[in-house]
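K.L.:
Supplied structure: protein29.cif, mmCIF, C-alpha atoms.
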data_model
loop_
_atom_site.label_atom_id
_atom_site.label_comp_id
_atom_site.auth_asym_id
_atom_site.auth_seq_id
_atom_site.Cartn_x
_atom_site.Cartn_y
_atom_site.Cartn_z
CA MET X 1 -11.39 -21.79 -18.06
CA SER X 2 -11.17 -18.41 -16.33
CA GLU X 3 -7.74 -18.77 -14.75
CA SER X 4 -4.54 -19.62 -16.52
CA LEU X 5 -2.72 -22.88 -15.98
CA THR X 6 1.09 -23.05 -16.00
CA PHE X 7 3.30 -26.06 -16.71
CA HIS X 8 6.97 -25.64 -15.81
CA PHE X 9 9.87 -27.75 -17.04
CA ASP X 10 13.62 -27.80 -16.50
CA VAL X 11 15.32 -28.82 -19.75
CA ASP X 12 18.43 -30.93 -19.17
CA GLY X 13 21.29 -29.66 -21.31
CA GLU X 14 23.39 -32.79 -21.16
CA ASP X 15 21.00 -35.37 -22.41
CA PHE X 16 20.13 -35.63 -26.06
CA THR X 17 18.31 -38.90 -25.65
CA SER X 18 15.74 -37.45 -23.26
CA ALA X 19 15.26 -34.23 -25.25
CA GLY X 20 11.61 -33.87 -26.06
CA GLN X 21 10.29 -35.12 -22.73
CA ALA X 22 8.90 -31.72 -21.78
CA SER X 23 7.20 -31.34 -25.17
CA VAL X 24 5.68 -34.81 -25.03
CA GLN X 25 4.40 -34.07 -21.51
CA VAL X 26 2.88 -30.78 -22.71
CA LYS X 27 1.19 -32.65 -25.52
CA LYS X 28 -0.37 -35.05 -22.99
CA ASN X 29 -1.47 -32.23 -20.68
CA LEU X 30 -3.09 -30.27 -23.53
CA ARG X 31 -4.88 -33.38 -24.71
CA ARG X 32 -6.35 -33.81 -21.21
CA LEU X 33 -7.56 -30.21 -21.36
CA GLY X 34 -9.46 -30.99 -24.55
CA ILE X 35 -7.41 -28.69 -26.80
CA SER X 36 -7.83 -29.47 -30.52
CA PRO X 37 -5.28 -31.84 -32.13
CA GLU X 38 -4.00 -29.24 -34.62
CA ILE X 39 -3.33 -26.69 -31.86
CA ILE X 40 -1.60 -29.40 -29.81
CA ARG X 41 0.57 -30.24 -32.83
CA GLN X 42 1.53 -26.58 -33.30
CA VAL X 43 2.38 -26.02 -29.63
CA SER X 44 4.26 -29.25 -29.13
CA ILE X 45 6.37 -28.92 -32.29
CA ALA X 46 7.25 -25.29 -31.50
CA MET X 47 8.19 -26.28 -27.98
CA TYR X 48 10.24 -29.29 -29.10
CA GLU X 49 12.27 -27.13 -31.46
CA GLY X 50 12.93 -24.72 -28.61
CA GLU X 51 13.82 -27.55 -26.29
CA ILE X 52 16.26 -29.04 -28.81
CA ASN X 53 17.83 -25.60 -29.33
CA MET X 54 18.41 -25.29 -25.60
CA VAL X 55 20.04 -28.73 -25.52
CA ILE X 56 22.20 -28.10 -28.61
CA HIS X 57 23.29 -24.54 -27.95
CA ALA X 58 22.62 -23.43 -24.40
CA GLY X 59 23.32 -26.30 -21.99
CA GLY X 60 19.65 -26.52 -21.08
CA GLY X 61 17.18 -24.02 -19.72
CA LYS X 62 13.68 -23.54 -18.43
CA ALA X 63 10.36 -23.81 -20.22
CA ASP X 64 6.95 -22.57 -19.13
CA VAL X 65 3.69 -23.22 -20.92
CA VAL X 66 0.77 -21.02 -19.85
CA VAL X 67 -2.68 -22.05 -20.97
CA SER X 68 -5.38 -19.38 -20.68
CA GLU X 69 -8.85 -18.94 -22.10
CA ASP X 70 -7.86 -17.53 -25.48
CA LYS X 71 -4.21 -18.49 -25.98
CA ILE X 72 -1.29 -20.74 -25.10
CA GLU X 73 2.02 -19.04 -24.31
CA ILE X 74 5.38 -20.81 -24.41
CA ILE X 75 8.26 -19.10 -22.64
CA LEU X 76 11.77 -20.51 -23.05
CA VAL X 77 14.64 -19.07 -21.04
CA ASP X 78 18.29 -20.10 -21.23
CA LYS X 79 21.64 -18.78 -20.09
CA GLY X 80 23.46 -19.92 -23.21
CA PRO X 81 25.77 -17.96 -25.53
CA GLY X 82 22.96 -15.84 -27.02
CA ILE X 83 22.17 -15.23 -30.69
CA ALA X 84 24.47 -12.69 -32.35
CA ASP X 85 22.38 -12.10 -35.47
CA ILE X 86 18.70 -12.95 -35.01
CA ASP X 87 17.73 -12.18 -38.63
CA LEU X 88 20.37 -14.62 -39.84
CA ALA X 89 19.32 -17.25 -37.29
CA MET X 90 15.73 -16.96 -38.53
CA GLN X 91 16.72 -17.89 -42.09
CA GLU X 92 15.82 -21.42 -43.10
CA GLY X 93 18.98 -23.48 -43.49
CA PHE X 94 21.24 -21.34 -41.32
CA SER X 95 22.71 -23.35 -38.45
CA THR X 96 25.69 -23.29 -36.10
CA ALA X 97 25.16 -26.88 -34.96
CA THR X 98 28.13 -29.25 -34.89
CA ASP X 99 28.58 -32.26 -37.18
CA SER X 100 27.78 -34.66 -34.33
CA VAL X 101 24.44 -32.91 -33.79
CA ARG X 102 23.76 -33.00 -37.53
CA SER X 103 24.44 -36.74 -37.63
CA LEU X 104 21.46 -37.17 -35.30
CA GLY X 105 19.22 -35.45 -37.82
CA PHE X 106 19.22 -32.02 -36.17
CA GLY X 107 20.99 -28.84 -37.21
CA ALA X 108 19.03 -28.38 -40.45
CA GLY X 109 18.58 -24.70 -39.69
CA MET X 110 14.82 -25.16 -39.41
CA GLY X 111 14.31 -24.87 -35.66
CA LEU X 112 13.58 -21.16 -35.26
CA PRO X 113 11.70 -20.97 -38.61
CA ASN X 114 9.50 -23.88 -37.49
CA MET X 115 8.80 -22.15 -34.18
CA LYS X 116 7.64 -19.09 -36.10
CA ARG X 117 5.71 -21.19 -38.60
CA TYR X 118 3.68 -22.95 -35.93
CA THR X 119 2.91 -19.99 -33.67
CA ASP X 120 0.90 -16.79 -34.08
CA GLU X 121 3.44 -14.57 -32.31
CA MET X 122 7.11 -15.04 -31.54
CA THR X 123 9.62 -12.69 -29.93
CA ILE X 124 13.31 -13.36 -29.37
CA ASP X 125 15.19 -11.45 -26.71
CA SER X 126 18.86 -12.37 -26.75
CA VAL X 127 22.05 -10.94 -25.33
CA VAL X 128 25.36 -12.42 -26.45
CA GLY X 129 27.14 -13.95 -23.48
CA GLU X 130 24.06 -13.81 -21.26
CA GLY X 131 21.32 -15.90 -22.80
CA THR X 132 18.11 -16.00 -24.77
CA THR X 133 14.43 -15.69 -23.94
CA ILE X 134 11.86 -16.72 -26.52
CA LYS X 135 8.15 -16.11 -26.11
CA MET X 136 5.64 -17.72 -28.42
CA VAL X 137 1.86 -17.45 -28.51
CA VAL X 138 -0.64 -19.77 -30.14
CA ASN X 139 -4.15 -18.29 -30.20
CA LEU X 140 -7.04 -20.56 -29.32
CA MET T 141 -6.16 -47.64 -44.67
CA THR T 142 -4.78 -48.65 -41.27
CA VAL T 143 -1.14 -49.10 -40.33
CA ASN T 144 -1.67 -52.87 -40.00
CA GLU T 145 -3.20 -53.07 -43.49
CA LEU T 146 -0.45 -50.92 -45.01
CA CYS T 147 2.20 -53.12 -43.42
CA GLU T 148 0.65 -56.28 -44.81
CA LYS T 149 -0.18 -54.99 -48.30
CA CYS T 150 3.25 -53.41 -48.84
CA GLY T 151 5.14 -56.41 -47.47
CA PHE T 152 6.81 -54.37 -44.72
CA SER T 153 7.82 -55.87 -41.37
CA ALA T 154 6.13 -54.80 -38.14
CA VAL T 155 8.93 -53.73 -35.77
CA VAL T 156 6.55 -52.52 -33.08
CA VAL T 157 2.91 -51.69 -33.70
CA PRO T 158 1.12 -50.63 -30.51
CA ASP T 159 -1.57 -48.70 -32.42
CA GLY T 160 -2.10 -50.68 -35.63
CA ASP T 161 -5.66 -49.53 -36.24
CA ARG T 162 -4.50 -45.95 -36.77
CA GLU T 163 -5.40 -44.50 -40.18
CA VAL T 164 -2.72 -43.54 -42.70
CA THR T 165 -3.78 -40.71 -44.97
CA GLY T 166 -0.53 -39.56 -46.56
CA CYS T 167 3.20 -40.07 -46.72
CA TYR T 168 6.29 -37.96 -46.05
CA MET T 169 9.93 -38.93 -46.61
CA GLY T 170 12.88 -37.23 -44.91
CA ASP T 171 15.75 -37.60 -42.48
CA LEU T 172 16.26 -34.06 -41.18
CA LEU T 173 14.06 -34.01 -38.10
CA SER T 174 13.11 -30.34 -38.12
CA TRP T 175 12.30 -30.58 -41.78
CA VAL T 176 9.98 -33.48 -41.02
CA MET T 177 8.31 -31.54 -38.21
CA GLY T 178 7.88 -28.55 -40.48
CA ARG T 179 6.47 -30.41 -43.47
CA ALA T 180 4.95 -33.77 -42.51
CA LYS T 181 1.21 -33.76 -41.90
CA GLY T 182 -0.65 -35.50 -39.10
CA ASP T 183 -1.51 -39.14 -39.99
CA ASP T 184 1.26 -39.34 -42.62
CA ALA T 185 3.42 -42.44 -42.81
CA TRP T 186 6.98 -41.13 -42.30
CA ILE T 187 9.73 -42.86 -44.27
CA THR T 188 13.25 -42.36 -42.89
CA ILE T 189 16.66 -43.95 -42.50
CA MET T 190 17.23 -42.08 -39.22
CA SER T 191 17.22 -44.58 -36.37
CA ASN T 192 18.17 -42.74 -33.17
CA ILE T 193 15.86 -42.29 -30.19
CA ASN T 194 14.79 -38.79 -31.25
CA ILE T 195 12.62 -40.21 -34.07
CA ILE T 196 10.14 -41.34 -31.40
CA ALA T 197 9.66 -37.80 -30.07
CA VAL T 198 9.43 -36.40 -33.60
CA ALA T 199 6.83 -38.99 -34.61
CA SER T 200 4.83 -38.29 -31.48
CA LEU T 201 4.92 -34.50 -31.80
CA ALA T 202 4.34 -34.39 -35.55
CA ASP T 203 1.53 -36.89 -34.95
CA VAL T 204 2.43 -39.18 -37.85
CA SER T 205 0.64 -42.52 -38.06
CA CYS T 206 3.81 -44.60 -38.30
CA ILE T 207 7.55 -44.52 -38.93
CA ILE T 208 8.72 -46.68 -41.84
CA LEU T 209 12.43 -47.44 -41.62
CA SER T 210 13.59 -47.93 -45.19
CA GLU T 211 16.76 -49.42 -46.73
CA GLY T 212 16.72 -52.26 -44.17
CA VAL T 213 17.64 -49.91 -41.32
CA THR T 214 17.17 -51.44 -37.86
CA VAL T 215 16.65 -49.88 -34.42
CA ASP T 216 17.94 -50.84 -30.98
CA ASP T 217 15.77 -52.61 -28.42
CA ASP T 218 15.55 -49.55 -26.18
CA ILE T 219 13.97 -47.58 -29.05
CA ILE T 220 11.46 -50.38 -29.62
CA ALA T 221 10.58 -50.32 -25.91
CA THR T 222 10.15 -46.53 -25.95
CA ALA T 223 7.98 -46.74 -29.07
CA GLN T 224 5.77 -49.31 -27.38
CA GLN T 225 5.43 -47.10 -24.31
CA LYS T 226 4.68 -43.94 -26.33
CA GLU T 227 2.38 -45.84 -28.72
CA ILE T 228 4.44 -45.06 -31.82
CA ASN T 229 4.16 -47.56 -34.69
CA ILE T 230 7.40 -48.59 -36.42
CA LEU T 231 7.50 -50.64 -39.62
CA SER T 232 10.55 -51.62 -41.60
CA SER T 233 11.13 -51.99 -45.31
CA ALA T 234 14.08 -53.71 -46.98
CA LEU T 235 13.51 -51.53 -50.06
CA PRO T 236 15.24 -48.21 -50.79
CA SER T 237 13.35 -45.11 -49.63
CA TYR T 238 11.97 -44.23 -53.05
CA GLU T 239 10.63 -47.72 -53.72
CA THR T 240 9.19 -47.81 -50.20
CA ALA T 241 7.34 -44.55 -50.93
CA VAL T 242 6.05 -45.94 -54.23
CA LYS T 243 4.63 -48.98 -52.41
CA VAL T 244 2.89 -46.71 -49.90
CA SER T 245 1.58 -44.54 -52.71
CA GLU T 246 -0.01 -47.55 -54.40
CA GLN T 247 -2.05 -48.22 -51.29
CA ILE T 248 -3.24 -44.86 -49.97
#
Please, can you express the file's structure as structure tokens?

P.N.:
Amino acid sequence: MSESLTFHFDVDGEDFTSAGQASVQVKKNLRRLGISPEIIRQVSIAMYEGEINMVIHAGGGKADVVVSEDKIEIILVDKGPGIADIDLAMQEGFSTATDSVRSLGFGAGMGLPNMKRYTDEMTIDSVVGEGTTIKMVVNL
Amino acid sequence: MTVNELCEKCGFSAVVVPDGDREVTGCYMGDLLSWVMGRAKGDDAWITIMSNINIIAVASLADVSCIILSEGVTVDDDIIATAQQKEINILSSALPSYETAVKVSEQI
């Protein structure tokens, strides 16, 4: 594979029941490309956590997955409220999710830590009141 | 051991089993979805009382071999249909979560 391949998704901010569709589609696409199951697991879990975060906190957003010869990049962009304290948000167990979100099994404060856990690089660029961009890289 | 064999030997009910020949190699129990995605391993049987539609996506992405709904928890028909479509196995156990896990442990 000499050229990169990009998958683009619009994440619907209203719909909790369809959250995960982009991640499941990415999983299918990567499987077709012959990527190893463990890498697929890492990428799809990291992306799902990001997707859920955009649904919970940001009213949706956009997700791009770029597959190149030596890495897979996941770029998540939203125009949500932004993250005031990124260090705090990265701590396992810290969450600002509502009780109704928690009753669905989310809001454990594990989303961002899981994204870091399953990727080789992760950068968060966030401005309060403007939005958040997260870039993650999984090396192949 | 396959999902079909586990279901039979543990006395669980098959809610929807589109991929019953899949191997089960471990077990993870938990209801917080991100926790499950962070800690469950591929091919684990996942024991939970969580029954909303998001368990299908979590099971698919975490690549577990089956969901086991413990404590007699049931799921709606639309979840069963989605599981069938996404090839996610769902079993159910009338036993509490701990006893369900013990049964699984005896088999794998």

K.L.:
Take the PyMOL selection byres ((chain X) within 9 of (chain T)), apply it to the structure above, and return the hits as a PyMOL selection string.

P.N.:
chain X and resi 16-21+23-24+27+37-38+40-42+44-45+48-49+102+104-111+113-114+117-118

K.L.:
Got a sec to check which residues sit within 9 Å of (-6.7, -19.7, -17.8), counting all atoms listed in the file, and write them as an NGL selection string?

P.N.:
:X and (1-6 or 66-71)

K.L.:
List, as a PDB file with C-alpha atoms, in the frame of the given file, every residue that the PyMOL selection byres ((chain X and resi 78) around 6) selects in the file provided.

P.N.:
ATOM      1  CA  GLY X  61      17.180 -24.020 -19.720  1.00  0.00           C
ATOM      2  CA  VAL X  77      14.640 -19.070 -21.040  1.00  0.00           C
ATOM      3  CA  LYS X  79      21.640 -18.780 -20.090  1.00  0.00           C
ATOM      4  CA  GLY X  80      23.460 -19.920 -23.210  1.00  0.00           C
ATOM      5  CA  GLY X 131      21.320 -15.900 -22.800  1.00  0.00           C
ATOM      6  CA  THR X 132      18.110 -16.000 -24.770  1.00  0.00           C
TER       7      THR X 132
END

K.L.:
If I take CA of Trp186 (chain T) and CA of Gly60 (chain X), how far is one from the other in Å, to one decimal?

P.N.:
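Separation of CA of Trp186 (chain T) and CA of Gly60 (chain X): 28.7 Å.
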
K.L.:
Record the distance separating CA of Ser205 (chain T) and CA of Ala221 (chain T), expressed in Å with one decimal.

P.N.:
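A separation of 17.5 Å between them.
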
K.L.:
Just to confirm, what's the straight-line distance from CA of Ala84 (chain X) to CA of His8 (chain X) in Å (one decimal)?

P.N.:
27.3 Å

K.L.:
Applying 7 Å and all atoms listed in the file, which residues near Val156 (chain T) remain after dropping the ones on its own chain fewer than 3 positions away? List them as an MDAnalysis selection string.

P.N.:
chainID T and resid 220 224 229:231

K.L.:
Determine the nearest neighbour of Ile208 (chain T) from the options T:Ser245, T:Gln225, T:Ser153, T:Thr165, counting all atoms listed in the file.

P.N.:
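Selected residue with least distance to Ile208 (chain T): T:Ser153.
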
K.L.:
List as an NGL selection string: which residues have an atom within 8 Å of (16.2, -23.5, -22.4), counting only C-alpha atoms?

P.N.:
:X and (10-11 or 50-51 or 53-55 or 58-63 or 76-79)

K.L.:
Find the residue from T:Ala199, T:Ile228, T:Ile189, T:Cys147 that sits nearest to Val215 (chain T); use all atoms listed in the file when measuring.

P.N.:
T:Ile189
